[in-house]
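Structure file final_22.cif; described as mmCIF, C-alpha atoms.
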data_run
loop_
_atom_site.label_atom_id
_atom_site.label_comp_id
_atom_site.auth_asym_id
_atom_site.auth_seq_id
_atom_site.Cartn_x
_atom_site.Cartn_y
_atom_site.Cartn_z
CA ALA R 1 196.90 26.31 -174.00
CA ARG R 2 200.33 25.44 -175.37
CA ALA R 3 200.29 27.85 -178.29
CA SER R 4 203.09 27.87 -180.85
CA SER R 5 203.74 31.62 -180.56
CA LEU R 6 202.89 34.60 -178.37
CA ALA R 7 200.34 35.76 -180.93
CA ASN R 8 198.59 32.40 -180.84
CA LEU R 9 198.84 32.34 -177.05
CA THR R 10 196.76 35.48 -176.66
CA VAL R 11 194.19 34.14 -179.13
CA MET R 12 193.92 30.90 -177.15
CA PHE R 13 193.60 32.78 -173.88
CA ASP R 14 190.92 35.09 -175.29
CA MET R 15 188.98 32.02 -176.37
CA CYS R 16 189.21 30.48 -172.87
CA ALA R 17 188.65 33.62 -170.78
CA PRO R 18 184.85 33.86 -171.25
CA THR R 19 184.48 30.37 -169.75
CA PHE R 20 186.28 31.16 -166.46
CA GLU R 21 183.19 32.18 -164.50
CA GLY R 22 181.18 29.19 -165.72
CA ILE R 23 183.91 26.68 -164.90
CA VAL R 24 184.32 28.10 -161.40
CA HIS R 25 180.56 27.74 -160.98
CA LEU R 26 180.78 24.09 -162.09
CA VAL R 27 183.26 23.43 -159.26
CA GLU R 28 180.84 24.97 -156.79
CA VAL R 29 177.88 22.95 -158.10
CA TYR R 30 179.56 19.55 -158.47
CA HIS R 31 182.04 19.49 -155.57
CA ALA R 32 179.82 17.13 -153.56
CA SER R 33 178.60 14.92 -156.39
CA SER R 34 181.24 14.48 -159.09
CA THR R 35 184.96 14.41 -158.38
CA LEU R 36 185.54 13.77 -162.10
CA ILE R 37 183.96 17.08 -163.13
CA VAL R 38 185.79 18.97 -160.37
CA ALA R 39 189.12 17.43 -161.41
CA GLN R 40 188.52 18.36 -165.06
CA CYS R 41 187.70 21.95 -164.09
CA LEU R 42 190.83 22.19 -161.94
CA SER R 43 192.87 20.63 -164.74
CA PHE R 44 191.63 23.36 -167.10
CA PHE R 45 193.08 26.07 -164.86
CA ALA R 46 196.25 24.06 -164.12
CA ASP R 47 197.00 23.62 -167.84
CA LEU R 48 196.47 27.32 -168.48
CA ALA R 49 198.73 28.21 -165.54
CA ASP R 50 201.49 25.84 -166.71
CA ALA R 51 201.46 26.99 -170.33
CA GLN R 52 200.52 30.66 -170.18
CA CYS R 53 200.97 32.21 -166.74
CA ALA R 54 204.54 33.38 -167.33
CA LEU R 55 203.82 34.84 -170.78
CA LEU R 56 200.54 36.74 -170.54
CA ASP R 57 200.47 40.52 -170.64
CA PRO R 58 199.37 42.37 -167.46
CA GLY R 59 195.77 42.84 -168.58
CA ARG R 60 195.17 39.17 -169.38
CA SER R 61 197.18 38.12 -166.33
CA CYS R 62 194.87 40.18 -164.12
CA MET R 63 191.84 38.40 -165.63
CA PHE R 64 193.43 35.02 -164.96
CA PHE R 65 194.45 35.89 -161.39
CA ASN R 66 190.92 37.09 -160.62
CA ALA R 67 189.56 33.79 -161.94
CA ILE R 68 191.94 31.83 -159.68
CA GLN R 69 190.84 33.97 -156.72
CA ALA R 70 187.25 33.04 -157.45
CA LEU R 71 188.23 29.38 -157.80
CA LEU R 72 190.05 29.37 -154.46
CA THR R 73 187.14 31.12 -152.78
CA VAL R 74 184.76 28.43 -154.06
CA TYR R 75 187.09 25.50 -153.49
CA GLY R 76 188.56 26.64 -150.19
CA PRO R 77 187.56 26.05 -146.56
CA GLY R 78 183.89 26.60 -145.80
CA LYS R 79 182.81 25.80 -149.35
CA CYS R 80 184.05 22.48 -150.68
CA ASN R 81 185.46 21.57 -147.25
CA LEU R 82 189.04 21.63 -148.51
CA THR R 83 190.60 21.56 -145.05
CA ALA R 84 188.58 18.54 -143.93
CA SER R 85 189.12 16.53 -147.12
CA TRP R 86 192.84 17.23 -147.40
CA SER R 87 193.80 16.89 -143.75
CA LEU R 88 191.88 13.63 -143.27
CA LEU R 89 193.58 12.09 -146.29
CA ARG R 90 195.89 9.39 -144.99
CA ARG R 91 197.28 6.00 -145.90
CA THR R 92 196.92 2.77 -143.96
CA PRO R 93 200.04 0.71 -143.12
CA ALA R 94 199.05 -1.79 -145.80
CA ALA R 95 198.83 0.95 -148.42
CA LEU R 96 202.20 2.37 -147.42
CA ALA R 97 203.66 -1.14 -147.73
CA GLY R 98 202.46 -1.26 -151.33
CA GLY R 99 199.25 -3.26 -151.07
CA ALA R 100 197.03 -2.29 -153.97
CA SER R 101 193.73 -4.01 -153.39
CA GLN R 102 194.16 -4.86 -149.71
CA GLY R 103 195.77 -1.56 -148.62
CA LYS R 104 192.86 0.79 -149.03
CA HIS R 105 193.29 4.48 -148.41
CA VAL R 106 191.19 5.98 -145.64
CA LEU R 107 189.29 9.23 -146.09
CA GLY R 108 186.78 10.92 -143.85
CA GLY R 109 184.32 11.51 -146.68
CA THR R 110 182.65 9.92 -149.68
CA ALA R 111 185.25 10.77 -152.32
CA GLU R 112 187.90 8.23 -153.21
CA PRO R 113 191.33 9.20 -151.83
CA ASP R 114 193.01 9.00 -155.23
CA ASP R 115 190.48 11.52 -156.54
CA VAL R 116 191.29 13.89 -153.69
CA VAL R 117 195.01 13.46 -154.37
CA THR R 118 194.39 14.45 -157.99
CA GLU R 119 192.52 17.57 -156.86
CA VAL R 120 195.25 18.51 -154.38
CA VAL R 121 198.00 18.20 -157.00
CA LEU R 122 196.04 20.28 -159.53
CA VAL R 123 195.39 23.09 -157.03
CA LEU R 124 199.05 23.11 -155.99
CA ARG R 125 200.14 23.20 -159.65
CA VAL R 126 198.16 26.39 -160.14
CA LEU R 127 199.57 27.94 -156.95
CA SER R 128 203.13 26.95 -157.90
CA GLN R 129 202.89 28.73 -161.25
CA LEU R 130 201.37 31.84 -159.68
CA SER R 131 204.08 31.96 -157.01
CA ASN R 132 206.75 31.53 -159.67
CA LYS R 133 205.22 34.42 -161.62
CA ALA R 134 205.58 36.61 -158.52
CA ASN R 135 209.36 36.19 -158.84
CA VAL R 136 209.49 37.39 -162.47
CA ASP R 137 209.47 41.06 -163.47
CA TRP R 138 207.02 42.30 -166.07
CA TYR R 139 208.48 43.29 -169.43
CA ASP R 140 209.30 46.90 -170.33
CA PHE R 141 206.27 49.14 -170.82
CA GLU R 142 205.55 51.59 -173.61
CA SER R 143 202.94 53.66 -171.76
CA THR R 144 201.84 54.77 -168.32
CA GLN R 145 198.62 52.81 -168.79
CA GLN R 146 200.57 49.56 -169.24
CA GLN R 147 202.61 50.37 -166.14
CA GLN R 148 199.45 50.93 -164.10
CA MET R 149 197.95 47.68 -165.40
CA ALA R 150 201.11 45.79 -164.39
CA GLU R 151 200.90 47.27 -160.89
CA GLN R 152 197.25 46.26 -160.65
CA ALA R 153 198.05 42.72 -161.86
CA SER R 154 200.84 42.45 -159.27
CA ARG R 155 198.43 43.45 -156.48
CA VAL R 156 195.85 40.89 -157.61
CA LEU R 157 198.57 38.22 -157.90
CA ASP R 158 199.75 39.02 -154.39
CA MET R 159 196.24 38.66 -152.97
CA THR R 160 195.71 35.40 -154.88
CA ILE R 161 198.90 33.81 -153.56
CA VAL R 162 198.09 34.89 -150.01
CA LEU R 163 194.64 33.33 -150.41
CA GLY R 164 196.28 30.15 -151.70
CA LEU R 165 198.69 29.98 -148.78
CA ARG R 166 195.87 30.50 -146.29
CA ALA R 167 193.92 27.67 -147.92
CA ALA R 168 196.70 25.17 -148.55
CA VAL R 169 199.12 25.43 -145.61
CA PRO R 170 196.61 24.53 -142.84
CA SER R 171 195.26 21.69 -144.99
CA VAL R 172 198.56 19.92 -145.69
CA THR R 173 199.48 17.52 -142.90
CA PRO R 174 202.21 14.84 -142.71
CA ASN R 175 199.51 12.35 -143.75
CA VAL R 176 198.83 14.35 -146.91
CA LEU R 177 202.56 14.59 -147.60
CA SER R 178 202.85 10.80 -147.56
CA TYR R 179 201.64 10.94 -151.17
CA PRO R 180 204.79 11.59 -153.29
CA LYS R 181 203.06 13.64 -156.01
CA VAL R 182 201.41 15.88 -153.43
CA CYS R 183 204.63 16.23 -151.47
CA ARG R 184 206.72 17.32 -154.44
CA GLU R 185 204.15 19.80 -155.71
CA TYR R 186 203.56 21.26 -152.25
CA PHE R 187 207.23 21.93 -151.61
CA LYS R 188 207.60 23.36 -155.12
CA PHE R 189 204.78 25.80 -154.34
CA LEU R 190 206.22 26.58 -150.91
CA SER R 191 209.72 27.24 -152.26
CA PHE R 192 208.38 29.67 -154.88
CA ALA R 193 206.19 31.39 -152.28
CA VAL R 194 209.12 31.81 -149.89
CA GLU R 195 211.25 33.26 -152.68
CA ALA R 196 208.53 35.82 -153.38
CA TYR R 197 207.61 36.61 -149.75
CA PRO R 198 210.45 35.56 -147.41
CA GLY R 199 209.70 38.11 -144.72
CA ARG R 200 205.98 37.42 -144.74
CA ILE R 201 206.51 33.66 -144.50
CA LEU R 202 208.81 34.14 -141.49
CA SER R 203 206.68 36.61 -139.53
CA GLY R 204 203.18 36.14 -140.89
CA GLY R 205 202.97 39.79 -141.99
CA SER R 206 202.05 42.96 -140.17
CA GLY R 207 198.28 42.81 -140.57
CA GLY R 208 195.92 43.76 -143.34
CA ALA R 209 194.63 41.87 -146.34
CA SER R 210 198.11 40.77 -147.43
CA ALA R 211 199.07 39.28 -144.05
CA LEU R 212 199.34 35.50 -143.81
CA GLY R 213 198.81 35.21 -140.07
CA LYS R 214 200.87 33.42 -137.46
CA SER R 215 199.26 30.03 -138.02
CA VAL R 216 200.10 30.01 -141.74
CA SER R 217 203.63 31.24 -141.03
CA HIS R 218 204.19 28.55 -138.39
CA GLY R 219 202.71 25.90 -140.68
CA ALA R 220 204.97 26.86 -143.57
CA LEU R 221 208.08 26.89 -141.36
CA ALA R 222 207.09 23.54 -139.81
CA ALA R 223 206.74 22.05 -143.29
CA ILE R 224 210.18 23.35 -144.28
CA SER R 225 211.67 21.87 -141.11
CA PHE R 226 209.90 18.57 -141.91
CA GLY R 227 211.36 18.70 -145.42
CA LEU R 228 214.92 18.75 -144.05
CA GLN R 229 214.37 15.15 -142.95
CA HIS R 230 212.91 14.04 -146.28
CA HIS R 231 214.37 11.18 -148.32
CA ASP R 232 213.56 12.89 -151.63
CA THR R 233 216.56 15.06 -152.52
CA VAL R 234 214.36 17.29 -154.72
CA VAL R 235 212.25 18.17 -151.68
CA LEU R 236 215.35 18.52 -149.53
CA ARG R 237 216.96 20.96 -151.96
CA GLN R 238 213.75 23.00 -152.20
CA CYS R 239 213.65 23.32 -148.41
CA LEU R 240 217.31 24.33 -148.23
CA ARG R 241 216.71 26.97 -150.86
CA ALA R 242 213.65 28.26 -149.01
CA ILE R 243 215.61 28.59 -145.75
CA GLN R 244 218.41 30.38 -147.60
CA GLU R 245 215.93 32.88 -149.09
CA ILE R 246 214.51 33.65 -145.64
CA ALA R 247 217.94 33.97 -144.01
CA GLU R 248 219.34 36.17 -146.78
CA HIS R 249 216.28 38.43 -146.57
CA CYS R 250 216.78 38.78 -142.81
CA ALA R 251 220.52 39.43 -143.20
CA LYS R 252 219.89 42.20 -145.72
CA ASN R 253 217.09 43.72 -143.67
CA ALA R 254 219.26 43.79 -140.52
CA GLY R 255 222.24 45.36 -142.29
CA LEU R 256 224.39 42.30 -141.64
CA VAL R 257 225.66 42.01 -145.22
CA ILE R 258 227.06 44.22 -147.94
CA GLY R 259 225.34 44.01 -151.30
CA ARG R 260 222.43 44.97 -153.50
CA ASP R 261 219.16 45.65 -151.66
CA ALA R 262 220.93 45.36 -148.29
CA ARG R 263 220.11 47.88 -145.59
CA ARG R 264 222.86 50.41 -144.82
CA LEU R 265 223.22 51.18 -141.14
CA PRO R 266 224.07 54.69 -139.91
CA ALA R 267 227.75 55.41 -139.36
CA GLY R 268 228.96 54.06 -136.04
CA GLN R 269 226.02 51.66 -135.56
CA ALA R 270 227.13 48.04 -135.30
CA PRO R 271 224.86 45.37 -136.84
CA GLN R 272 223.08 43.09 -134.40
CA PRO R 273 222.10 39.42 -134.82
CA VAL R 274 218.59 38.80 -136.08
CA ASN R 275 217.73 36.85 -132.89
CA SER R 276 214.90 34.94 -134.56
CA PRO R 277 213.83 31.77 -132.71
CA ALA R 278 212.73 30.29 -136.05
CA LEU R 279 216.12 30.91 -137.69
CA GLN R 280 217.95 29.63 -134.62
CA GLU R 281 215.91 26.42 -134.67
CA LEU R 282 216.57 25.93 -138.38
CA LEU R 283 220.28 26.57 -137.83
CA GLY R 284 220.36 23.90 -135.13
CA ARG R 285 218.51 21.41 -137.33
CA LEU R 286 220.79 22.04 -140.29
CA LEU R 287 223.95 21.66 -138.20
CA ALA R 288 222.62 18.41 -136.73
CA MET R 289 221.78 17.16 -140.21
CA LEU R 290 225.28 17.94 -141.48
CA LEU R 291 227.32 16.88 -138.43
CA GLU R 292 225.31 13.92 -137.18
CA ARG R 293 224.09 12.67 -140.57
CA GLN R 294 220.48 12.74 -139.39
CA ASN R 295 219.43 12.53 -143.04
CA VAL R 296 221.06 9.67 -144.96
CA HIS R 297 220.93 11.72 -148.18
CA VAL R 298 222.85 14.66 -146.74
CA SER R 299 226.01 13.80 -148.70
CA GLU R 300 224.08 14.46 -151.94
CA VAL R 301 223.10 18.00 -150.95
CA VAL R 302 226.11 19.32 -149.03
CA GLY R 303 226.84 21.81 -151.80
CA ASP R 304 223.30 23.19 -151.59
CA ALA R 305 223.40 23.19 -147.79
CA ALA R 306 226.58 25.32 -147.71
CA GLY R 307 224.88 28.49 -148.99
CA THR R 308 221.99 27.96 -146.59
CA LEU R 309 224.31 27.42 -143.63
CA LEU R 310 226.35 30.53 -144.46
CA ALA R 311 223.23 32.72 -144.55
CA LEU R 312 221.98 31.31 -141.24
CA VAL R 313 225.39 31.74 -139.58
CA ILE R 314 225.56 35.39 -140.69
CA CYS R 315 222.11 36.00 -139.21
CA GLU R 316 222.74 34.18 -135.92
CA GLN R 317 226.51 34.22 -135.25
CA PRO R 318 226.28 34.03 -131.41
CA THR R 319 223.89 31.08 -131.72
CA PHE R 320 226.25 29.35 -134.16
CA ALA R 321 229.17 29.86 -131.75
CA ARG R 322 227.10 28.37 -128.93
CA PHE R 323 226.08 25.36 -131.03
CA ALA R 324 229.72 24.81 -132.03
CA GLN R 325 230.89 24.92 -128.41
CA GLN R 326 228.18 22.49 -127.34
CA HIS R 327 229.00 20.06 -130.12
CA VAL R 328 232.71 20.15 -129.30
CA ALA R 329 232.09 19.72 -125.57
CA THR R 330 229.76 16.76 -126.03
CA HIS R 331 231.80 14.91 -128.65
CA PRO R 332 232.35 11.33 -127.41
CA ASP R 333 236.05 11.26 -128.37
CA PRO R 334 238.09 13.70 -126.20
CA ASN R 335 241.07 13.39 -128.56
CA ALA R 336 239.01 14.69 -131.48
CA ARG R 337 237.62 17.77 -129.73
CA ALA R 338 240.57 20.03 -130.55
CA SER R 339 240.47 19.18 -134.25
CA LEU R 340 236.69 19.64 -134.28
CA ALA R 341 236.98 23.08 -132.67
CA HIS R 342 239.60 23.99 -135.27
CA ALA R 343 237.27 22.84 -138.07
CA PHE R 344 234.50 25.12 -136.78
CA GLN R 345 236.94 28.04 -136.70
CA GLN R 346 238.07 27.32 -140.24
CA LEU R 347 234.52 27.53 -141.60
CA LEU R 348 234.56 31.31 -141.32
CA GLY R 349 238.29 31.81 -140.88
CA ALA R 350 239.88 30.11 -143.89
CA GLY R 351 240.12 31.14 -147.52
CA GLY R 352 239.10 34.71 -146.92
CA VAL R 353 235.44 33.94 -146.13
CA ALA R 354 233.72 37.14 -145.00
CA ASN R 355 231.01 37.10 -142.36
CA ASN R 356 229.17 39.98 -144.04
CA ARG R 357 228.80 38.80 -147.63
CA ILE R 358 226.42 36.35 -149.30
CA ASP R 359 227.64 36.76 -152.87
CA ARG R 360 228.58 33.80 -155.05
CA ARG R 361 232.32 34.08 -154.43
CA ASN R 362 231.89 34.01 -150.65
CA ARG R 363 229.45 31.09 -150.86
CA THR R 364 231.87 29.14 -153.05
CA GLN R 365 234.73 29.57 -150.60
CA PHE R 366 232.51 28.71 -147.65
CA ARG R 367 231.45 25.53 -149.48
CA LYS R 368 235.12 24.59 -149.92
CA ASN R 369 235.69 25.08 -146.19
CA LEU R 370 232.63 22.97 -145.35
CA LEU R 371 233.65 20.14 -147.69
CA GLY R 372 237.28 20.34 -146.55
#
Transcribe the structure of this file into C-alpha cells.
Amino acid sequence: ARASSLANLTVMFDMCAPTFEGIVHLVEVYHASSTLIVAQCLSFFADLADAQCALLDPGRSCMFFNAIQALLTVYGPGKCNLTASWSLLRRTPAALAGGASQGKHVLGGTAEPDDVVTEVVLVLRVLSQLSNKANVDWYDFESTQQQQMAEQASRVLDMTIVLGLRAAVPSVTPNVLSYPKVCREYFKFLSFAVEAYPGRILSGGSGGASALGKSVSHGALAAISFGLQHHDTVVLRQCLRAIQEIAEHCAKNAGLVIGRDARRLPAGQAPQPVNSPALQELLGRLLAMLLERQNVHVSEVVGDAAGTLLALVICEQPTFARFAQQHVATHPDPNARASLAHAFQQLLGAGGVANNRIDRRNRTQFRKNLLG
C-alpha cells in the first residue's frame, strides 16, 4: 500500500480493489470462528486507509469508501455483535495492576480480549483516516465530470463516517477506554470527526440519513468530557481541540464573532449567547480543571486550553460571568477574593482581547492573560 509515487499508488490500489468484496465476505464468514482471519482482513483495510486514503483520486476514493461501508455493515451491530463484544471488554483489578498471567481479562464471549482489542484498534484506524480525509479539500479539477465525481465521493465519505460513528460511539465504554491503544485511537477518530462535523456532533443532526441521533451525540460529548480528566496529555489535547472546534462553529453560526465563514447578523440585531447546556457544562468543567487543578497534567496543556476557553467564553458569556462570580464568592480566603475577581476581569479586559474574535492574534493575547 505504501507506494513510492502517486503513479505506483494507483497501480497498487487497482490491484487491491477487486479483492474488497471478497475480503468483506471473509469477515462475515469467519467473525465467529477465527479472530485471526478477521484481524488480518481489518488490517488490510487499515493499511490501505493509512497509506492511500489521503492521496486517491475521487473515483478510487469512492470505491474505497463503499468498501468500508460494506465492511462496517458486516462488522457492525446485529452482524458480528460489535456492540456486545466491545462494551463487555473490561479489565480485572489484577490486570490493571499489571498481572500478566494472573490478571486475566474478562470478556462476555469466546474471543480472547487481546484479539478484540486488536480488532477495535484496526476499525478505529480506518475511521480516523476517513474522518481526517473529510477535513481535506479535493485537488483542483480539470473537468465537470471530475467535479461531479468528487461531490459523489464526498457524499459517500459522509455516509461512511456517520455509519462509523453510529457503530463505534455506543460501543466504546470507560471499560473499553482502559486499554491505552484503544483510548488513543478512539480520541484521534473522535477529534477528526468533530473537526469535520462540529454541529452534527453537538446536536445529533436534523434528521435524515446523515443524522447521528441524540444518543450518538450525547455519547461523543460524554467521551470528550471524560477525556478532560485523562492522564494522557495526547488525549487531553485532542479533547480540548474537539471542544474548541464545536465552540468556534457555534460562535460563527450565532454571529458572535467576526471572521471568515461567520454569520453576519442584520443591522441593529445584537448577537445572543448560544445557550447550549452542553457548552455550558463543558465551560464549567474546563474552568474547574484550570482553577482547581482537577487534572494533575493541566499545567502541560494550559496553552492548548486557552484557545478552547476563549471560544467557550465567547459562546456563553453570561454563564462565564456567573461561574466567575460563584468561584470568587466561594473562595476560602476572603483576602484573595478581590484579586481573583480582578484576574477574571483581566482575562477579557487586558491586552486588547476582543470578545468577538477567535483569530490567532486574539487567542495569543488571551493565552498571555490566562498564563499571567
Selection near Gln129 of chain R, 7 Å with all atoms listed in the file, sequence-local residues under 6 positions removed, as a list in words: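 Using all atoms listed in the file, the neighbours found are Ala49, Asp50 and Cys53 of chain R.
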For this file, the PyMOL selection byres ((chain R and resi 222) around 12) selects which residues, as a ChimeraX atom specification? /R:169-170,172-174,187,190,201-202,214-221,223-229,239,243,278-279,281-282,285
So that I have them on file, write out the residues from the current selection with C-alpha atoms, as a tab-separated table (two decimals), in the frame of the given file.
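File part_21.tsv, as written:
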chain	number	residue	atom	x	y	z
R	169	VAL	CA	199.12	25.43	-145.61
R	170	PRO	CA	196.61	24.53	-142.84
R	172	VAL	CA	198.56	19.92	-145.69
R	173	THR	CA	199.48	17.52	-142.90
R	174	PRO	CA	202.21	14.84	-142.71
R	187	PHE	CA	207.23	21.93	-151.61
R	190	LEU	CA	206.22	26.58	-150.91
R	201	ILE	CA	206.51	33.66	-144.50
R	202	LEU	CA	208.81	34.14	-141.49
R	214	LYS	CA	200.87	33.42	-137.46
R	215	SER	CA	199.26	30.03	-138.02
R	216	VAL	CA	200.10	30.01	-141.74
R	217	SER	CA	203.63	31.24	-141.03
R	218	HIS	CA	204.19	28.55	-138.39
R	219	GLY	CA	202.71	25.90	-140.68
R	220	ALA	CA	204.97	26.86	-143.57
R	221	LEU	CA	208.08	26.89	-141.36
R	223	ALA	CA	206.74	22.05	-143.29
R	224	ILE	CA	210.18	23.35	-144.28
R	225	SER	CA	211.67	21.87	-141.11
R	226	PHE	CA	209.90	18.57	-141.91
R	227	GLY	CA	211.36	18.70	-145.42
R	228	LEU	CA	214.92	18.75	-144.05
R	229	GLN	CA	214.37	15.15	-142.95
R	239	CYS	CA	213.65	23.32	-148.41
R	243	ILE	CA	215.61	28.59	-145.75
R	278	ALA	CA	212.73	30.29	-136.05
R	279	LEU	CA	216.12	30.91	-137.69
R	281	GLU	CA	215.91	26.42	-134.67
R	282	LEU	CA	216.57	25.93	-138.38
R	285	ARG	CA	218.51	21.41	-137.33
Neighbour residues at most 9 Å from (216.9, 29.8, -147.6) (all atoms listed in the file) as a list in words: Ser191, Val194, Glu195, Pro198, Gln238, Cys239, Leu240, Arg241, Ala242, Ile243, Gln244, Glu245, Ile246, Ala247, Glu248, His249, Gly307, Thr308, Leu309, Ala311 and Leu312 of chain R
Quick one: write out the picked residues with C-alpha atoms as a tab-separated table (two decimals), keeping the file's coordinate frame?
chain	number	residue	atom	x	y	z
R	191	SER	CA	209.72	27.24	-152.26
R	194	VAL	CA	209.12	31.81	-149.89
R	195	GLU	CA	211.25	33.26	-152.68
R	198	PRO	CA	210.45	35.56	-147.41
R	238	GLN	CA	213.75	23.00	-152.20
R	239	CYS	CA	213.65	23.32	-148.41
R	240	LEU	CA	217.31	24.33	-148.23
R	241	ARG	CA	216.71	26.97	-150.86
R	242	ALA	CA	213.65	28.26	-149.01
R	243	ILE	CA	215.61	28.59	-145.75
R	244	GLN	CA	218.41	30.38	-147.60
R	245	GLU	CA	215.93	32.88	-149.09
R	246	ILE	CA	214.51	33.65	-145.64
R	247	ALA	CA	217.94	33.97	-144.01
R	248	GLU	CA	219.34	36.17	-146.78
R	249	HIS	CA	216.28	38.43	-146.57
R	307	GLY	CA	224.88	28.49	-148.99
R	308	THR	CA	221.99	27.96	-146.59
R	309	LEU	CA	224.31	27.42	-143.63
R	311	ALA	CA	223.23	32.72	-144.55
R	312	LEU	CA	221.98	31.31	-141.24
Residue members of the PyMOL selection byres ((chain R and resi 253-257) around 9) in the file shown, as a ChimeraX atom specification: /R:248-252,258-259,261-265,270-274,314-315,355-358
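Every protein or nucleic acid residue with an atom no more than 9 Å from Ser43 of chain R, counting all atoms listed in the file and leaving out same-chain residues fewer than 6 positions away, appears here: Glu119, Leu122 and Val123 of chain R.
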Using all atoms listed in the file, can you tell me which of R:Val116, R:Cys183, R:Arg60, R:Val74 comes closest to Met149 of chain R? R:Arg60
Report as number ranges by chain the full result of the PyMOL selection byres ((chain R and resi 341) around 10) when it is applied to this structure. R: 324-325, 327-329, 336-340, 342-346
Quick one: everything within 12 Å of Leu36 of chain R, counting all atoms listed in the file, minus sequence neighbours fewer than 2 positions away in the same chain. Send it as a ChimeraX atom specification. /R:26-27,30-34,38-43,111-112,114-116,118-119
One decimal, Å: what's the distance from atom CA of Ile23 of chain R over to atom CA of Phe65 of chain R, could you say?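 Going from atom CA of Ile23 of chain R over to atom CA of Phe65 of chain R, I get 14.4 Å.
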What is the atom CA of Leu370 of chain R-atom CA of Val302 of chain R distance in Å, reported with one decimal?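 A separation of 8.3 Å between them.
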Between R:Ala354, R:Leu310, R:Ala46, R:Leu124, which one has atoms that come closest to Leu165 of chain R, using only C-alpha atoms?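 Looking at the shortest contact to Leu165 of chain R, the residue is R:Leu124.
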